[in-house]
Amino acid sequence: MSSSPSSSVVEARKALAGRLTGLRKDAGLTGDELSARCGWHPAKTSRIQSGKSAPSEADVRAWCAACGADDQAPELIAAARTVDSMYTEWRRMERTGLRAAQESVAALYRRTGLFRVYASRVLPGMVQTPEYTTAVLRSIQRARVEVDDVDHAVEARLERQRMLFSGRHRFGLLIEEWVLHAAVCGPETMAAQLGHLLDVSASPFVSVGVIPTGPGRPHLPVEDFYLFDEAEVAVELTSGYLRITQPREIADYVRTFADLASMAVHGTASRQLIAAAIASFG
């Protein structure tokens, strides 16, 4: 498992460690005895039990076998996979290309009623045009992905968009003004993308707020994040994709979204900023 600063990941790992420690104690084994049965150094057992090191699936199987609890291995392996999925490095998620990453969140998107998105780097995926999406994903592919399946990844994102704008979902989008001007695509594509954003902002299901660029802002910009109802947060880090499920951490992002929203302009004022950005690409 990759390391992550999120307490969601840390606490989930500690919960798994606690279950493994309990299994050892129920078997009447000391840490040294379990280590000997598993064929590894006692320090590894200590790291796993403290939650500092994540066990592999093979480690879990060996641990259960040493405790005479092979029947519990499937459940514990499933728990380990859940913890592992909370933080995934991009190089691991994208090792077979970009389409898999797009498809991996489809179920989460389907069951979400209210999306709140803060965008400080690129426009939110659910309001991207095919051409803008292609430019963004092509930039990612060139930088870090050997497999070129950009066309298929774009198709997967567009399929998700069709599902989202069925009238069963609501969207609160906060966009830093500089994102309206920071293009990884050509000026014509960017102007068309912003025109599409204007069209989307007229939907009764969509609220678009733009945070103006300028001095004296009370809150610093943060990393791009997606709030799925109040059940989960997805944060796109430089190194990987972080899923947050701890209620207190989700509450932090809800507060952050509210703080950033208080700085944004909406309605006519936001449309004027978007229109000005379109004119700059003319």
# chains A, B, ... in the order shown; residues from 1 in each chain; ligands from 1
$ residues_around --residues "stretch 18-28 of chain A" --least-positions-apart "3" --cutoff "6 Å" --atoms "only C-alpha atoms" --output "list in words"
Ala15, Gln49 and Cys67 of chain A
$ residues_around --residues "stretch 260-271 of chain A" --least-positions-apart "6" --cutoff "9 Å" --atoms "only C-alpha atoms" --output "list in words"
Tyr118, Leu174, Ile175, Glu176, Leu198, Ser201, Ala202, Ser207, Val208, Gly209, Val210, Ile211, Pro212, Arg217, Pro218, His219, Leu220 and Pro221 of chain A
$ write_last_selection --atoms "N, CA and C atoms" --output "compact mmCIF listing (two decimals), in the first residue's frame"
# COMPACT_ATOMS: atom_id res chain seq x y z
N TYR A 118 -14.57 21.45 -6.48
CA TYR A 118 -13.70 22.63 -6.47
C TYR A 118 -12.58 22.38 -7.48
N LEU A 174 -17.33 25.04 -8.13
CA LEU A 174 -16.53 26.22 -7.81
C LEU A 174 -15.26 26.17 -8.65
N ILE A 175 -15.00 27.23 -9.38
CA ILE A 175 -13.88 27.25 -10.32
C ILE A 175 -13.04 28.51 -10.06
N GLU A 176 -11.76 28.33 -9.85
CA GLU A 176 -10.87 29.48 -9.76
C GLU A 176 -10.82 30.18 -11.12
N LEU A 198 -20.93 27.96 -20.10
CA LEU A 198 -22.03 28.93 -20.01
C LEU A 198 -23.38 28.23 -20.20
N SER A 201 -24.28 26.17 -17.17
CA SER A 201 -24.62 26.98 -16.00
C SER A 201 -26.07 27.44 -16.00
N ALA A 202 -26.72 27.36 -17.16
CA ALA A 202 -28.14 27.74 -17.23
C ALA A 202 -29.06 26.63 -16.76
N SER A 207 -25.11 24.77 -10.34
CA SER A 207 -24.69 26.07 -9.83
C SER A 207 -23.20 26.23 -10.12
N VAL A 208 -22.83 27.29 -10.84
CA VAL A 208 -21.44 27.55 -11.17
C VAL A 208 -20.99 28.82 -10.46
N GLY A 209 -19.98 28.69 -9.65
CA GLY A 209 -19.37 29.83 -8.98
C GLY A 209 -17.95 30.00 -9.45
N VAL A 210 -17.55 31.24 -9.69
CA VAL A 210 -16.18 31.54 -10.11
C VAL A 210 -15.53 32.39 -9.02
N ILE A 211 -14.35 31.96 -8.57
CA ILE A 211 -13.63 32.69 -7.54
C ILE A 211 -12.68 33.66 -8.24
N PRO A 212 -12.95 34.97 -8.13
CA PRO A 212 -12.15 35.94 -8.89
C PRO A 212 -10.69 35.95 -8.46
N ARG A 217 -7.69 37.76 -0.80
CA ARG A 217 -8.62 36.65 -0.60
C ARG A 217 -8.44 36.07 0.80
N PRO A 218 -9.53 35.73 1.48
CA PRO A 218 -9.42 35.24 2.86
C PRO A 218 -9.01 33.77 2.98
N HIS A 219 -9.14 33.01 1.89
CA HIS A 219 -8.83 31.58 1.97
C HIS A 219 -7.90 31.20 0.82
N LEU A 220 -6.89 30.41 1.13
CA LEU A 220 -5.95 29.96 0.12
C LEU A 220 -6.60 28.95 -0.82
N PRO A 221 -6.12 28.88 -2.06
CA PRO A 221 -6.58 27.78 -2.93
C PRO A 221 -6.06 26.46 -2.41
$ closest_residue --among "A:Met86, A:Ala143, A:Ala106, A:Ala119" --to "A:Phe225" --atoms "only C-alpha atoms"
A:Ala119
$ select_by_dssp --residues "stretch 187-240 of chain A" --states "helix (DSSP H, G or I)" --output "ChimeraX atom specification"
/A:187-201
$ closest_residue --among "A:Ser166, A:Thr88, A:Gln161, A:Gln128" --to "A:Ile244" --atoms "only C-alpha atoms"
A:Thr88
$ decode --residues "stretch 213-236 of chain A" --atoms "N, CA, C and O atoms" --output "PDB file, in the first residue's frame"
ATOM      1  N   THR A 213      -9.837  36.181  -9.440  1.00  0.00           N
ATOM      2  CA  THR A 213      -8.410  36.328  -9.173  1.00  0.00           C
ATOM      3  C   THR A 213      -8.150  37.737  -8.649  1.00  0.00           C
ATOM      4  O   THR A 213      -8.703  38.702  -9.158  1.00  0.00           O
ATOM      5  N   GLY A 214      -7.312  37.842  -7.635  1.00  0.00           N
ATOM      6  CA  GLY A 214      -6.989  39.161  -7.107  1.00  0.00           C
ATOM      7  C   GLY A 214      -6.452  39.080  -5.697  1.00  0.00           C
ATOM      8  O   GLY A 214      -6.462  38.004  -5.078  1.00  0.00           O
ATOM      9  N   PRO A 215      -5.999  40.189  -5.157  1.00  0.00           N
ATOM     10  CA  PRO A 215      -5.418  40.202  -3.805  1.00  0.00           C
ATOM     11  C   PRO A 215      -6.497  40.205  -2.728  1.00  0.00           C
ATOM     12  O   PRO A 215      -7.679  40.429  -2.993  1.00  0.00           O
ATOM     13  N   GLY A 216      -6.060  39.909  -1.519  1.00  0.00           N
ATOM     14  CA  GLY A 216      -6.941  40.040  -0.368  1.00  0.00           C
ATOM     15  C   GLY A 216      -7.914  38.901  -0.161  1.00  0.00           C
ATOM     16  O   GLY A 216      -8.860  39.030   0.622  1.00  0.00           O
ATOM     17  N   ARG A 217      -7.692  37.759  -0.800  1.00  0.00           N
ATOM     18  CA  ARG A 217      -8.619  36.648  -0.602  1.00  0.00           C
ATOM     19  C   ARG A 217      -8.444  36.074   0.799  1.00  0.00           C
ATOM     20  O   ARG A 217      -7.312  35.897   1.280  1.00  0.00           O
ATOM     21  N   PRO A 218      -9.526  35.726   1.476  1.00  0.00           N
ATOM     22  CA  PRO A 218      -9.421  35.239   2.858  1.00  0.00           C
ATOM     23  C   PRO A 218      -9.013  33.774   2.980  1.00  0.00           C
ATOM     24  O   PRO A 218      -8.613  33.334   4.062  1.00  0.00           O
ATOM     25  N   HIS A 219      -9.144  33.008   1.888  1.00  0.00           N
ATOM     26  CA  HIS A 219      -8.831  31.581   1.966  1.00  0.00           C
ATOM     27  C   HIS A 219      -7.898  31.203   0.818  1.00  0.00           C
ATOM     28  O   HIS A 219      -8.105  31.601  -0.327  1.00  0.00           O
ATOM     29  N   LEU A 220      -6.891  30.410   1.133  1.00  0.00           N
ATOM     30  CA  LEU A 220      -5.953  29.963   0.118  1.00  0.00           C
ATOM     31  C   LEU A 220      -6.599  28.949  -0.818  1.00  0.00           C
ATOM     32  O   LEU A 220      -7.498  28.205  -0.416  1.00  0.00           O
ATOM     33  N   PRO A 221      -6.123  28.878  -2.059  1.00  0.00           N
ATOM     34  CA  PRO A 221      -6.585  27.785  -2.931  1.00  0.00           C
ATOM     35  C   PRO A 221      -6.064  26.457  -2.409  1.00  0.00           C
ATOM     36  O   PRO A 221      -5.043  26.393  -1.719  1.00  0.00           O
ATOM     37  N   VAL A 222      -6.777  25.389  -2.728  1.00  0.00           N
ATOM     38  CA  VAL A 222      -6.369  24.047  -2.301  1.00  0.00           C
ATOM     39  C   VAL A 222      -6.364  23.131  -3.520  1.00  0.00           C
ATOM     40  O   VAL A 222      -6.586  23.570  -4.651  1.00  0.00           O
ATOM     41  N   GLU A 223      -6.110  21.851  -3.283  1.00  0.00           N
ATOM     42  CA  GLU A 223      -6.095  20.879  -4.362  1.00  0.00           C
ATOM     43  C   GLU A 223      -7.515  20.633  -4.884  1.00  0.00           C
ATOM     44  O   GLU A 223      -8.493  20.826  -4.165  1.00  0.00           O
ATOM     45  N   ASP A 224      -7.617  20.229  -6.156  1.00  0.00           N
ATOM     46  CA  ASP A 224      -8.927  19.883  -6.714  1.00  0.00           C
ATOM     47  C   ASP A 224      -9.561  18.778  -5.873  1.00  0.00           C
ATOM     48  O   ASP A 224      -8.896  17.799  -5.521  1.00  0.00           O
ATOM     49  N   PHE A 225     -10.855  18.913  -5.585  1.00  0.00           N
ATOM     50  CA  PHE A 225     -11.537  17.830  -4.879  1.00  0.00           C
ATOM     51  C   PHE A 225     -12.989  17.734  -5.321  1.00  0.00           C
ATOM     52  O   PHE A 225     -13.594  18.699  -5.793  1.00  0.00           O
ATOM     53  N   TYR A 226     -13.520  16.516  -5.168  1.00  0.00           N
ATOM     54  CA  TYR A 226     -14.907  16.202  -5.502  1.00  0.00           C
ATOM     55  C   TYR A 226     -15.596  15.673  -4.253  1.00  0.00           C
ATOM     56  O   TYR A 226     -15.119  14.711  -3.646  1.00  0.00           O
ATOM     57  N   LEU A 227     -16.708  16.285  -3.877  1.00  0.00           N
ATOM     58  CA  LEU A 227     -17.536  15.808  -2.765  1.00  0.00           C
ATOM     59  C   LEU A 227     -18.723  15.042  -3.331  1.00  0.00           C
ATOM     60  O   LEU A 227     -19.499  15.595  -4.118  1.00  0.00           O
ATOM     61  N   PHE A 228     -18.858  13.792  -2.948  1.00  0.00           N
ATOM     62  CA  PHE A 228     -19.965  12.954  -3.387  1.00  0.00           C
ATOM     63  C   PHE A 228     -20.971  12.863  -2.236  1.00  0.00           C
ATOM     64  O   PHE A 228     -20.755  12.108  -1.283  1.00  0.00           O
ATOM     65  N   ASP A 229     -22.064  13.657  -2.345  1.00  0.00           N
ATOM     66  CA  ASP A 229     -22.956  13.844  -1.202  1.00  0.00           C
ATOM     67  C   ASP A 229     -22.080  14.196   0.003  1.00  0.00           C
ATOM     68  O   ASP A 229     -21.219  15.058  -0.110  1.00  0.00           O
ATOM     69  N   GLU A 230     -22.313  13.525   1.135  1.00  0.00           N
ATOM     70  CA  GLU A 230     -21.372  13.662   2.259  1.00  0.00           C
ATOM     71  C   GLU A 230     -20.860  12.288   2.651  1.00  0.00           C
ATOM     72  O   GLU A 230     -20.574  12.001   3.819  1.00  0.00           O
ATOM     73  N   ALA A 231     -20.733  11.427   1.632  1.00  0.00           N
ATOM     74  CA  ALA A 231     -20.303  10.050   1.856  1.00  0.00           C
ATOM     75  C   ALA A 231     -18.830   9.845   1.551  1.00  0.00           C
ATOM     76  O   ALA A 231     -18.185   8.964   2.135  1.00  0.00           O
ATOM     77  N   GLU A 232     -18.285  10.641   0.646  1.00  0.00           N
ATOM     78  CA  GLU A 232     -16.905  10.400   0.198  1.00  0.00           C
ATOM     79  C   GLU A 232     -16.362  11.665  -0.455  1.00  0.00           C
ATOM     80  O   GLU A 232     -17.107  12.463  -1.027  1.00  0.00           O
ATOM     81  N   VAL A 233     -15.049  11.824  -0.357  1.00  0.00           N
ATOM     82  CA  VAL A 233     -14.348  12.894  -1.050  1.00  0.00           C
ATOM     83  C   VAL A 233     -13.240  12.273  -1.880  1.00  0.00           C
ATOM     84  O   VAL A 233     -12.538  11.369  -1.417  1.00  0.00           O
ATOM     85  N   ALA A 234     -13.092  12.745  -3.108  1.00  0.00           N
ATOM     86  CA  ALA A 234     -11.976  12.332  -3.955  1.00  0.00           C
ATOM     87  C   ALA A 234     -11.063  13.534  -4.142  1.00  0.00           C
ATOM     88  O   ALA A 234     -11.528  14.625  -4.500  1.00  0.00           O
ATOM     89  N   VAL A 235      -9.780  13.326  -3.873  1.00  0.00           N
ATOM     90  CA  VAL A 235      -8.803  14.400  -3.998  1.00  0.00           C
ATOM     91  C   VAL A 235      -7.753  13.978  -5.011  1.00  0.00           C
ATOM     92  O   VAL A 235      -7.178  12.888  -4.897  1.00  0.00           O
ATOM     93  N   GLU A 236      -7.524  14.830  -5.977  1.00  0.00           N
ATOM     94  CA  GLU A 236      -6.547  14.519  -7.019  1.00  0.00           C
ATOM     95  C   GLU A 236      -5.219  15.172  -6.649  1.00  0.00           C
ATOM     96  O   GLU A 236      -5.036  16.381  -6.805  1.00  0.00           O
TER      97      GLU A 236
END
